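Right, one structure below, let's go through it.
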Amino acid sequence: MEFATSLKCRECERTYEPGPRYFCEWCFGPLEVTYDYDGISEIVTRESIEAGPPSLWRYADLLPVSHSARADLGAGLTPLIRADRLAKELGLNDLWIKNDSLNPTNSFKDRPVTVALSKAVEFGFKTVACASTGNLANSVAAHAAHAGLDSYVFVPHDIEPAKIVAAAILGNVVEVEGNYDAVNRLCVELHDTYEWGFANINLRPYYAEGSKTIAFETAEQLGWKLPDHVIVPVASGALLTKVKKGFDELVEVGLVPDDKEVRVSGAQAEGCSPVAVAFENGSEDIRPQKPDTIAKSLAIGDPADGYYALRAVRKSGGAVAAVTDEETVDAIRLLARTEGIFTEPAGGVTIASLVKLASQGIVDPSERVVAFVTGHGLKTPEVVEARALARIPANVAGFQEALEKKE
Amino acid sequence: MSAVVKIPTSLRGLTGGSSEVEVPAGRLGEVITNLTDTYPDLGERLLDEKGNLRRFVNVFVAEDDIRFLEGLETEVSSGQVVTILPAVAGG
C-alpha cells in the first residue's frame, strides 16, 4: 500500500499531485514527498518489516512507491559491523560502520535509484538519465538494464576510469567537458527537451526518499534503537538530509522510542567544502565552490540540499568537518587495516572526518557512533598506493628472503 | 543592444509561451528589471520581498553561475545569453 500523499514545497508549502516534478512552480523551492503517518503507524510494525524482503524494500510502506513492477536489484540491508579496532585507534567505545559499498553496484546510490527507477516505470518513462559523478551513473545504468529501460548517464569527463567502465558496460555514458555542476546544469536543460526520467532531476523527490532507508536499517540492525551520532558524507546534502528525516520518521510512526535526537554530522573534502565552510562561519548562505579534490564522488560545488543539510546538522547538534586529500588517503588505509573494508575516497573523507571530530571531542567516547561508508575502493584504485609485498620464485627460500627483507 | 534571456518551461506561461526573450543589455539586475517590466508576473517568482534572487533560482550569464561573477552587478553584454534554472537538481 502506498502512503505517500502529495509533493509539498519545502519553502512555501504549496502542494502538488504526485508526478515527475521536482521544484515548486511558484518559488522554485524543492518538492518533498509527504505521507499519511497515521496510516503507516496503524499497519507497520517491527515484525511486519522484519518479515519483509532482505532488501530496502522491507520499508516499502515508508517509500513513495505503489507499483509492483519495481526496478529492484536487491539494494539495501547492507552490513552494519561493529568496528572495535578502529574505535580503539580513535579513543571511542561504541563505533559501527554501515558498509554501503556492498550494494548491487557498490555504492549507496542504489538506494535512491531503485526508488527513482521504480517510479520511472510507474510514470511510463521508456528512457532514464542522470547527472552523476560516477556512482549514480553506474546505479542508474544497472537498474535501467534490469527494468528494460534505455539509459543515458552524464558524467564529468575526468572521473575515475573504473566508474566509466562500470557504467558503460550497462548503458550509454556521455562524458561532458566540465565539472559536475556543469553536467548538472546541462541535464536540467536537457530535461526540458527530452521526455525522460532523470533520476536526480524530475524524479528527485522520489529518488531522495530512497536514502532514508540507510537510517531505517541502521536502527533496525541496532535492535530497533537509534544511534547517538552518525557521520555522513556530504555532496549535494540530500543523503544527510534524508538520514535525518529517516530517523525522525521512525520516531513518528512509533518504530523506535522517542528518547533522543540523533546527532547528524557531515563530512566534506577541503577541496569541495561549501557546507563545511558555511557551518564554520555560522552562516546559512552556501557559497558555491569550484571543486578540487580526489573525492570526486563528493565534488559538487553547488549542493542542491546544502542549506537543508546544514539545518539538519545544526538542529541535531552535529558538526561538519572538512579534511584534506592526504587525510582522506590515510583514512582509507586506516579503515582497511583496522576493519577490513576498502573504500573509495568518499568513505575516506567520512572516516577522516570521524577521526577529526573524535580528536576535537565533538564525537564523544560515550556515544554510540555509526559512520556511513558509501562506496567501494575497487572503483578508485588509483588514489591509493598499495603494492604486493614481493615477487618471488615458487619456493620456500624465496618467501623467507622476502619476509626477512620486510622485517 | 539586447541580451537573450532563456525562460525555464515552468515560467513560460508568464511569457506568452516564449522560451527566449530579448531585453536591453546592461547589469544583470537591470536585465531582470527589463524582463519583469515586460512580464510583471515574473517578478515575484524570481525575486524575494527584498528584491534579491530567490534562494532556489540559479542564473547563468553565458556559461557561468553569477555567484562566481558579480551577482546582480554582473555586466551582460549585447548578444549574451542569460539562463534561469531551478537550483534544486542533482546530487
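In the C-alpha cells, chains take the letters A, B, ... in the order shown, each chain's residues start at 1, and ligands count up from 1 in the order shown.
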What are the residues of chain B that have an atom within 8 Å of an atom of chain A, counting only C-alpha atoms, as an MDAnalysis selection string?
chainID B and resid 8:11 45:46 54:57 67:68 85:91
Okay, now the selection with C-alpha atoms, as a short mmCIF file (atom, residue, chain, number, x, y, z; two decimals), in the first residue's frame?
```cif
data_model
loop_
_atom_site.label_atom_id
_atom_site.label_comp_id
_atom_site.auth_asym_id
_atom_site.auth_seq_id
_atom_site.Cartn_x
_atom_site.Cartn_y
_atom_site.Cartn_z
CA PRO B 8 12.52 27.77 -17.94
CA THR B 9 9.47 25.73 -19.00
CA SER B 10 7.67 26.32 -15.73
CA LEU B 11 7.65 30.10 -16.30
CA ARG B 45 8.58 34.40 -8.99
CA LEU B 46 12.25 35.26 -9.41
CA ARG B 54 15.15 33.67 -4.60
CA ARG B 55 17.32 31.07 -2.86
CA PHE B 56 16.46 28.32 -5.32
CA VAL B 57 16.79 30.28 -8.56
CA ARG B 67 27.67 33.68 -7.93
CA PHE B 68 31.14 33.19 -9.44
CA LEU B 85 17.19 27.48 -14.00
CA PRO B 86 15.81 25.82 -10.88
CA ALA B 87 18.59 25.16 -8.37
CA VAL B 88 17.35 22.04 -6.62
CA ALA B 89 18.55 19.44 -9.12
CA GLY B 90 21.30 16.89 -8.84
CA GLY B 91 23.27 15.06 -6.22
#
```
Taking the DSSP assignment computed from this structure's backbone, write out as a PyMOL selection string all residues of region 72-197 of chain A that belong to strand (DSSP E or B).
chain A and resi 80-82+94-99+107+127-131+150-156+172-176+197
Identify, with DSSP run on backbone atoms, the residues in region 139-367 of chain A assigned to helix (DSSP H, G or I), and express the list as a tab-separated table (two decimals) with N, CA and C atoms, in the first residue's frame.
```
chain	number	residue	atom	x	y	z
A	139	SER	N	24.71	3.07	-11.07
A	139	SER	CA	23.48	2.53	-10.50
A	139	SER	C	22.28	2.72	-11.43
A	140	VAL	N	22.17	3.90	-12.04
A	140	VAL	CA	21.05	4.15	-12.96
A	140	VAL	C	21.14	3.20	-14.15
A	141	ALA	N	22.35	3.06	-14.71
A	141	ALA	CA	22.51	2.19	-15.88
A	141	ALA	C	22.16	0.74	-15.52
A	142	ALA	N	22.54	0.30	-14.32
A	142	ALA	CA	22.26	-1.08	-13.90
A	142	ALA	C	20.77	-1.31	-13.68
A	143	HIS	N	20.14	-0.43	-12.93
A	143	HIS	CA	18.71	-0.60	-12.66
A	143	HIS	C	17.88	-0.44	-13.93
A	144	ALA	N	18.34	0.42	-14.84
A	144	ALA	CA	17.65	0.60	-16.12
A	144	ALA	C	17.73	-0.70	-16.93
A	145	ALA	N	18.92	-1.27	-16.99
A	145	ALA	CA	19.09	-2.52	-17.73
A	145	ALA	C	18.16	-3.59	-17.18
A	146	HIS	N	18.13	-3.70	-15.87
A	146	HIS	CA	17.31	-4.73	-15.23
A	146	HIS	C	15.82	-4.51	-15.47
A	147	ALA	N	15.42	-3.24	-15.53
A	147	ALA	CA	14.00	-2.92	-15.71
A	147	ALA	C	13.62	-2.79	-17.19
A	161	PRO	N	38.39	6.12	-14.15
A	161	PRO	CA	38.13	5.23	-15.29
A	161	PRO	C	37.24	4.03	-14.93
A	162	ALA	N	37.42	3.45	-13.75
A	162	ALA	CA	36.63	2.26	-13.39
A	162	ALA	C	35.13	2.59	-13.34
A	163	LYS	N	34.83	3.82	-12.98
A	163	LYS	CA	33.41	4.20	-12.89
A	163	LYS	C	32.80	4.35	-14.29
A	164	ILE	N	33.62	4.81	-15.24
A	164	ILE	CA	33.15	4.90	-16.63
A	164	ILE	C	32.88	3.48	-17.16
A	165	VAL	N	33.84	2.59	-16.94
A	165	VAL	CA	33.70	1.21	-17.44
A	165	VAL	C	32.45	0.55	-16.84
A	166	ALA	N	32.30	0.70	-15.52
A	166	ALA	CA	31.19	0.04	-14.84
A	166	ALA	C	29.85	0.52	-15.36
A	167	ALA	N	29.77	1.79	-15.74
A	167	ALA	CA	28.50	2.30	-16.27
A	167	ALA	C	28.35	1.98	-17.75
A	168	ALA	N	29.47	2.03	-18.50
A	168	ALA	CA	29.41	1.88	-19.96
A	168	ALA	C	29.06	0.45	-20.38
A	180	TYR	N	31.07	18.59	-12.31
A	180	TYR	CA	29.73	18.05	-12.04
A	180	TYR	C	28.65	19.12	-12.13
A	181	ASP	N	28.95	20.31	-11.64
A	181	ASP	CA	27.92	21.35	-11.64
A	181	ASP	C	27.52	21.73	-13.06
A	182	ALA	N	28.49	21.67	-13.98
A	182	ALA	CA	28.18	21.92	-15.40
A	182	ALA	C	27.33	20.79	-15.97
A	183	VAL	N	27.66	19.56	-15.59
A	183	VAL	CA	26.88	18.39	-16.03
A	183	VAL	C	25.43	18.50	-15.55
A	184	ASN	N	25.33	18.89	-14.30
A	184	ASN	CA	24.01	19.03	-13.68
A	184	ASN	C	23.18	20.08	-14.42
A	185	ARG	N	23.81	21.20	-14.69
A	185	ARG	CA	23.11	22.28	-15.39
A	185	ARG	C	22.68	21.82	-16.79
A	186	LEU	N	23.57	21.11	-17.46
A	186	LEU	CA	23.24	20.59	-18.79
A	186	LEU	C	22.01	19.68	-18.70
A	187	CYS	N	22.00	18.81	-17.70
A	187	CYS	CA	20.88	17.86	-17.59
A	187	CYS	C	19.57	18.57	-17.27
A	188	VAL	N	19.64	19.63	-16.48
A	188	VAL	CA	18.41	20.41	-16.23
A	188	VAL	C	17.88	20.96	-17.55
A	189	GLU	N	18.78	21.43	-18.41
A	189	GLU	CA	18.35	21.94	-19.71
A	189	GLU	C	17.85	20.81	-20.61
A	190	LEU	N	18.53	19.66	-20.60
A	190	LEU	CA	18.11	18.52	-21.43
A	190	LEU	C	16.72	18.03	-21.02
A	191	HIS	N	16.47	18.13	-19.73
A	191	HIS	CA	15.18	17.65	-19.21
A	191	HIS	C	14.01	18.47	-19.79
A	192	ASP	N	14.30	19.69	-20.21
A	192	ASP	CA	13.28	20.50	-20.89
A	192	ASP	C	13.01	19.99	-22.31
A	193	THR	N	14.00	19.30	-22.89
A	193	THR	CA	13.92	18.89	-24.29
A	193	THR	C	13.50	17.43	-24.45
A	204	ARG	N	13.58	13.50	-8.69
A	204	ARG	CA	14.40	13.74	-7.50
A	204	ARG	C	13.65	13.61	-6.17
A	205	PRO	N	12.41	14.07	-6.07
A	205	PRO	CA	11.74	13.92	-4.77
A	205	PRO	C	11.62	12.45	-4.35
A	206	TYR	N	11.44	11.56	-5.32
A	206	TYR	CA	11.31	10.13	-5.04
A	206	TYR	C	12.68	9.51	-4.79
A	207	TYR	N	13.58	9.85	-5.69
A	207	TYR	CA	14.98	9.44	-5.60
A	207	TYR	C	15.53	9.68	-4.19
A	208	ALA	N	15.39	10.92	-3.73
A	208	ALA	CA	15.99	11.29	-2.44
A	208	ALA	C	15.39	10.48	-1.29
A	209	GLU	N	14.11	10.13	-1.39
A	209	GLU	CA	13.47	9.36	-0.33
A	209	GLU	C	14.15	8.01	-0.10
A	210	GLY	N	14.71	7.44	-1.17
A	210	GLY	CA	15.37	6.14	-1.04
A	210	GLY	C	16.50	6.17	-0.02
A	212	LYS	N	16.58	7.51	2.81
A	212	LYS	CA	16.13	7.36	4.20
A	212	LYS	C	16.40	5.96	4.72
A	213	THR	N	16.43	4.99	3.78
A	213	THR	CA	16.48	3.59	4.22
A	213	THR	C	17.78	3.24	4.93
A	214	ILE	N	18.84	4.02	4.70
A	214	ILE	CA	20.10	3.73	5.41
A	214	ILE	C	19.91	4.03	6.90
A	215	ALA	N	19.09	5.02	7.20
A	215	ALA	CA	18.78	5.32	8.61
A	215	ALA	C	17.87	4.24	9.19
A	216	PHE	N	16.85	3.83	8.42
A	216	PHE	CA	15.94	2.78	8.90
A	216	PHE	C	16.73	1.52	9.27
A	217	GLU	N	17.59	1.12	8.33
A	217	GLU	CA	18.33	-0.13	8.54
A	217	GLU	C	19.27	-0.03	9.74
A	218	THR	N	19.90	1.12	9.88
A	218	THR	CA	20.83	1.31	11.00
A	218	THR	C	20.11	1.06	12.32
A	219	ALA	N	18.93	1.65	12.45
A	219	ALA	CA	18.17	1.48	13.70
A	219	ALA	C	17.72	0.03	13.87
A	220	GLU	N	17.22	-0.58	12.79
A	220	GLU	CA	16.78	-1.97	12.88
A	220	GLU	C	17.94	-2.88	13.28
A	221	GLN	N	19.10	-2.67	12.64
A	221	GLN	CA	20.25	-3.54	12.91
A	221	GLN	C	20.85	-3.31	14.30
A	238	ALA	N	21.78	15.75	0.03
A	238	ALA	CA	20.50	15.03	0.06
A	238	ALA	C	20.57	13.82	1.00
A	239	LEU	N	21.67	13.08	0.97
A	239	LEU	CA	21.79	11.91	1.83
A	239	LEU	C	21.66	12.32	3.29
A	240	LEU	N	22.43	13.33	3.69
A	240	LEU	CA	22.41	13.74	5.09
A	240	LEU	C	21.00	14.20	5.50
A	241	THR	N	20.38	14.98	4.64
A	241	THR	CA	19.05	15.49	4.94
A	241	THR	C	18.06	14.34	5.13
A	242	LYS	N	18.18	13.33	4.26
A	242	LYS	CA	17.24	12.20	4.33
A	242	LYS	C	17.58	11.23	5.46
A	243	VAL	N	18.82	11.16	5.86
A	243	VAL	CA	19.17	10.36	7.04
A	243	VAL	C	18.45	10.92	8.26
A	244	LYS	N	18.50	12.23	8.36
A	244	LYS	CA	17.80	12.89	9.48
A	244	LYS	C	16.30	12.61	9.40
A	245	LYS	N	15.74	12.76	8.19
A	245	LYS	CA	14.30	12.51	8.02
A	245	LYS	C	13.97	11.06	8.36
A	246	GLY	N	14.84	10.14	7.97
A	246	GLY	CA	14.61	8.72	8.24
A	246	GLY	C	14.52	8.44	9.74
A	247	PHE	N	15.46	8.97	10.51
A	247	PHE	CA	15.41	8.76	11.96
A	247	PHE	C	14.15	9.40	12.56
A	248	ASP	N	13.83	10.60	12.09
A	248	ASP	CA	12.64	11.29	12.60
A	248	ASP	C	11.37	10.48	12.30
A	249	GLU	N	11.32	9.88	11.11
A	249	GLU	CA	10.12	9.11	10.75
A	249	GLU	C	9.97	7.86	11.60
A	250	LEU	N	11.08	7.22	11.94
A	250	LEU	CA	10.99	6.02	12.79
A	250	LEU	C	10.33	6.36	14.12
A	251	VAL	N	10.68	7.55	14.64
A	251	VAL	CA	10.05	8.00	15.88
A	251	VAL	C	8.58	8.33	15.62
A	252	GLU	N	8.33	9.04	14.53
A	252	GLU	CA	6.97	9.49	14.17
A	252	GLU	C	5.98	8.32	14.09
A	274	PRO	N	31.63	23.51	0.55
A	274	PRO	CA	30.72	24.65	0.74
A	274	PRO	C	29.86	24.54	2.00
A	275	VAL	N	29.50	23.33	2.37
A	275	VAL	CA	28.65	23.18	3.56
A	275	VAL	C	29.48	23.33	4.84
A	276	ALA	N	30.69	22.75	4.82
A	276	ALA	CA	31.57	22.87	5.98
A	276	ALA	C	31.95	24.33	6.24
A	277	VAL	N	32.18	25.07	5.16
A	277	VAL	CA	32.55	26.48	5.30
A	277	VAL	C	31.39	27.27	5.90
A	278	ALA	N	30.18	27.04	5.41
A	278	ALA	CA	29.01	27.75	5.95
A	278	ALA	C	28.81	27.38	7.42
A	279	PHE	N	29.04	26.10	7.76
A	279	PHE	CA	28.90	25.67	9.16
A	279	PHE	C	29.91	26.42	10.03
A	280	GLU	N	31.15	26.44	9.56
A	280	GLU	CA	32.23	27.09	10.30
A	280	GLU	C	31.95	28.58	10.50
A	281	ASN	N	31.38	29.21	9.48
A	281	ASN	CA	31.12	30.65	9.54
A	281	ASN	C	29.82	31.01	10.25
A	296	LYS	N	36.12	12.56	-5.87
A	296	LYS	CA	35.31	13.05	-6.99
A	296	LYS	C	33.82	12.78	-6.80
A	297	SER	N	33.50	11.73	-6.07
A	297	SER	CA	32.07	11.46	-5.88
A	297	SER	C	31.42	12.45	-4.91
A	298	LEU	N	32.26	13.26	-4.23
A	298	LEU	CA	31.70	14.31	-3.36
A	298	LEU	C	31.90	15.69	-3.97
A	306	GLY	N	22.37	21.67	0.23
A	306	GLY	CA	23.33	22.15	1.22
A	306	GLY	C	22.66	22.89	2.37
A	307	TYR	N	21.72	23.74	2.01
A	307	TYR	CA	21.00	24.54	3.01
A	307	TYR	C	20.26	23.66	4.01
A	308	TYR	N	19.60	22.61	3.50
A	308	TYR	CA	18.84	21.73	4.39
A	308	TYR	C	19.75	20.82	5.19
A	309	ALA	N	20.86	20.40	4.57
A	309	ALA	CA	21.82	19.57	5.30
A	309	ALA	C	22.37	20.36	6.49
A	310	LEU	N	22.69	21.61	6.24
A	310	LEU	CA	23.23	22.48	7.29
A	310	LEU	C	22.21	22.63	8.43
A	311	ARG	N	20.97	22.81	8.06
A	311	ARG	CA	19.92	22.95	9.09
A	311	ARG	C	19.78	21.66	9.90
A	312	ALA	N	19.85	20.50	9.21
A	312	ALA	CA	19.72	19.21	9.91
A	312	ALA	C	20.88	19.03	10.90
A	313	VAL	N	22.07	19.40	10.46
A	313	VAL	CA	23.26	19.28	11.32
A	313	VAL	C	23.09	20.19	12.55
A	314	ARG	N	22.71	21.43	12.32
A	314	ARG	CA	22.61	22.39	13.43
A	314	ARG	C	21.50	21.98	14.40
A	315	LYS	N	20.37	21.58	13.85
A	315	LYS	CA	19.23	21.23	14.72
A	315	LYS	C	19.57	20.03	15.59
A	316	SER	N	20.37	19.09	15.05
A	316	SER	CA	20.63	17.86	15.78
A	316	SER	C	21.88	17.94	16.66
A	325	ASP	N	43.00	15.90	1.15
A	325	ASP	CA	43.14	14.67	0.37
A	325	ASP	C	44.09	13.69	1.06
A	326	GLU	N	45.15	14.24	1.69
A	326	GLU	CA	46.11	13.39	2.38
A	326	GLU	C	45.44	12.67	3.56
A	327	GLU	N	44.66	13.41	4.32
A	327	GLU	CA	43.93	12.79	5.44
A	327	GLU	C	42.96	11.73	4.92
A	328	THR	N	42.39	11.99	3.74
A	328	THR	CA	41.44	11.04	3.14
A	328	THR	C	42.13	9.72	2.79
A	329	VAL	N	43.29	9.81	2.16
A	329	VAL	CA	44.02	8.59	1.79
A	329	VAL	C	44.47	7.85	3.05
A	330	ASP	N	44.95	8.60	4.05
A	330	ASP	CA	45.34	7.96	5.32
A	330	ASP	C	44.16	7.22	5.93
A	331	ALA	N	42.98	7.81	5.83
A	331	ALA	CA	41.79	7.21	6.43
A	331	ALA	C	41.34	5.97	5.66
A	332	ILE	N	41.52	5.99	4.34
A	332	ILE	CA	41.22	4.79	3.53
A	332	ILE	C	42.07	3.63	4.04
A	333	ARG	N	43.37	3.93	4.25
A	333	ARG	CA	44.30	2.92	4.74
A	333	ARG	C	43.94	2.46	6.16
A	334	LEU	N	43.60	3.42	7.01
A	334	LEU	CA	43.25	3.11	8.40
A	334	LEU	C	42.03	2.19	8.46
A	335	LEU	N	41.02	2.50	7.69
A	335	LEU	CA	39.80	1.67	7.69
A	335	LEU	C	40.11	0.27	7.16
A	336	ALA	N	40.94	0.23	6.12
A	336	ALA	CA	41.29	-1.06	5.53
A	336	ALA	C	42.05	-1.93	6.54
A	337	ARG	N	43.05	-1.33	7.20
A	337	ARG	CA	43.92	-2.11	8.08
A	337	ARG	C	43.25	-2.46	9.41
A	338	THR	N	42.30	-1.64	9.86
A	338	THR	CA	41.67	-1.94	11.16
A	338	THR	C	40.40	-2.76	11.01
A	339	GLU	N	39.67	-2.56	9.91
A	339	GLU	CA	38.36	-3.22	9.83
A	339	GLU	C	38.15	-4.07	8.59
A	345	PRO	N	37.44	7.26	-2.02
A	345	PRO	CA	37.71	8.49	-1.28
A	345	PRO	C	36.52	9.06	-0.50
A	346	ALA	N	35.30	8.89	-0.99
A	346	ALA	CA	34.16	9.41	-0.22
A	346	ALA	C	34.12	8.77	1.17
A	347	GLY	N	34.38	7.46	1.23
A	347	GLY	CA	34.44	6.78	2.52
A	347	GLY	C	35.65	7.23	3.32
A	348	GLY	N	36.74	7.53	2.61
A	348	GLY	CA	37.93	8.05	3.27
A	348	GLY	C	37.65	9.41	3.91
A	349	VAL	N	36.90	10.24	3.20
A	349	VAL	CA	36.52	11.56	3.74
A	349	VAL	C	35.67	11.37	5.00
A	350	THR	N	34.78	10.39	4.96
A	350	THR	CA	33.90	10.14	6.11
A	350	THR	C	34.72	9.68	7.32
A	351	ILE	N	35.62	8.73	7.09
A	351	ILE	CA	36.43	8.23	8.21
A	351	ILE	C	37.40	9.31	8.69
A	352	ALA	N	38.00	10.05	7.77
A	352	ALA	CA	38.91	11.13	8.18
A	352	ALA	C	38.15	12.20	8.99
A	353	SER	N	36.92	12.45	8.61
A	353	SER	CA	36.11	13.42	9.37
A	353	SER	C	35.79	12.87	10.75
A	354	LEU	N	35.52	11.57	10.81
A	354	LEU	CA	35.30	10.93	12.12
A	354	LEU	C	36.55	11.08	12.99
A	355	VAL	N	37.72	10.82	12.39
A	355	VAL	CA	38.98	10.97	13.13
A	355	VAL	C	39.07	12.40	13.69
A	356	LYS	N	38.80	13.37	12.82
A	356	LYS	CA	38.91	14.78	13.22
A	356	LYS	C	37.91	15.14	14.32
A	357	LEU	N	36.66	14.75	14.12
A	357	LEU	CA	35.62	15.11	15.10
A	357	LEU	C	35.85	14.41	16.43
A	358	ALA	N	36.41	13.19	16.38
A	358	ALA	CA	36.71	12.47	17.63
A	358	ALA	C	37.86	13.17	18.36
A	359	SER	N	38.88	13.61	17.59
A	359	SER	CA	40.03	14.25	18.23
A	359	SER	C	39.64	15.62	18.82
```
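Restricting the calculation to only C-alpha atoms, the smallest distance between Ser68 (chain A) and any of A:Lys119, A:Arg82, A:Lys98, A:Lys88 is found for A:Lys119.
Shortest atom-to-atom contact with Gly178 (chain A) among B:Glu63, B:Glu70, B:Asp41, B:Glu30: B:Glu63, counting only C-alpha atoms.
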Distance CA of Ser366 (chain A)-CA of Ala267 (chain A), one decimal place?
20.7 Å
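Minimum atom-to-atom distance to Thr380 (chain A), evaluated using only C-alpha atoms, belongs to A:Ile294 out of A:Leu95, A:Ile294, A:Val264, A:Ile362.
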What separation in Å, quoted to one decimal, exists between CA of Arg46 (chain A) and CA of Gly76 (chain A)?
17.0 Å
Give me the residues near Ile32 (chain B) as a ChimeraX atom specification, where near means some atom within 10 Å (using only C-alpha atoms) and where sequence neighbours in that chain fewer than 6 positions away do not count.
/B:5,23-26,38,42-43,46-47,53,72,82
Output of the above residues as a PDB file, in the first residue's frame, restricted to C-alpha atoms:
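New file again.pdb:
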```
ATOM      1  CA  VAL B   5      17.022  35.530 -21.519  1.00  0.00           C
ATOM      2  CA  VAL B  23      15.615  42.558 -23.425  1.00  0.00           C
ATOM      3  CA  PRO B  24      18.042  45.513 -23.355  1.00  0.00           C
ATOM      4  CA  ALA B  25      21.527  44.535 -22.126  1.00  0.00           C
ATOM      5  CA  GLY B  26      23.183  46.059 -19.052  1.00  0.00           C
ATOM      6  CA  THR B  38       7.623  43.401 -19.871  1.00  0.00           C
ATOM      7  CA  LEU B  42       7.735  37.076 -13.393  1.00  0.00           C
ATOM      8  CA  GLY B  43       8.957  39.499 -10.739  1.00  0.00           C
ATOM      9  CA  LEU B  46      12.248  35.261  -9.414  1.00  0.00           C
ATOM     10  CA  LEU B  47      12.808  37.786  -6.644  1.00  0.00           C
ATOM     11  CA  LEU B  53      17.061  36.442  -6.316  1.00  0.00           C
ATOM     12  CA  LEU B  72      23.193  41.027  -9.931  1.00  0.00           C
ATOM     13  CA  VAL B  82      21.142  34.697 -19.600  1.00  0.00           C
TER      14      VAL B  82
END
```
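For Gly197 (chain A), the set of protein, DNA and RNA residues having any atom at most 6 Å away, when counting only C-alpha atoms and skipping those fewer than 6 positions along the same chain, is A:Ala120, A:Phe125, A:Val128.
Distances to Ile97 (chain A) were evaluated for A:Ser265, A:Thr78, A:Thr114, A:Asn395 using only C-alpha atoms, and the minimum falls at A:Thr78.
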Would you list the contacts of Gln80 (chain B) as a list in words, taking every protein, DNA or RNA residue within 8 Å and counting only C-alpha atoms, but skipping same-chain residues closer than 4 positions in sequence?
Ala3, Val4, Val61, Ala62 and Val76 of chain B
Just the residues within 6 Å of Arg27 (chain B), please, counting only C-alpha atoms, with nothing from its chain fewer than 6 positions along; format it as a list in words.
Glu73, Thr74, Glu75 and Val76 of chain B
Please produce an output containing N, CA and C atoms for each residue in the selection, written as a PDB file, in the first residue's frame.
```pdb
ATOM      1  N   GLU B  73      25.181  42.430 -10.124  1.00  0.00           N
ATOM      2  CA  GLU B  73      26.002  43.510 -10.711  1.00  0.00           C
ATOM      3  C   GLU B  73      26.726  43.045 -11.980  1.00  0.00           C
ATOM      4  N   THR B  74      26.645  41.753 -12.283  1.00  0.00           N
ATOM      5  CA  THR B  74      27.349  41.216 -13.459  1.00  0.00           C
ATOM      6  C   THR B  74      26.908  41.939 -14.725  1.00  0.00           C
ATOM      7  N   GLU B  75      27.888  42.362 -15.509  1.00  0.00           N
ATOM      8  CA  GLU B  75      27.583  43.061 -16.762  1.00  0.00           C
ATOM      9  C   GLU B  75      27.167  42.040 -17.828  1.00  0.00           C
ATOM     10  N   VAL B  76      26.024  42.248 -18.430  1.00  0.00           N
ATOM     11  CA  VAL B  76      25.554  41.377 -19.508  1.00  0.00           C
ATOM     12  C   VAL B  76      25.651  42.173 -20.804  1.00  0.00           C
TER      13      VAL B  76
END
```
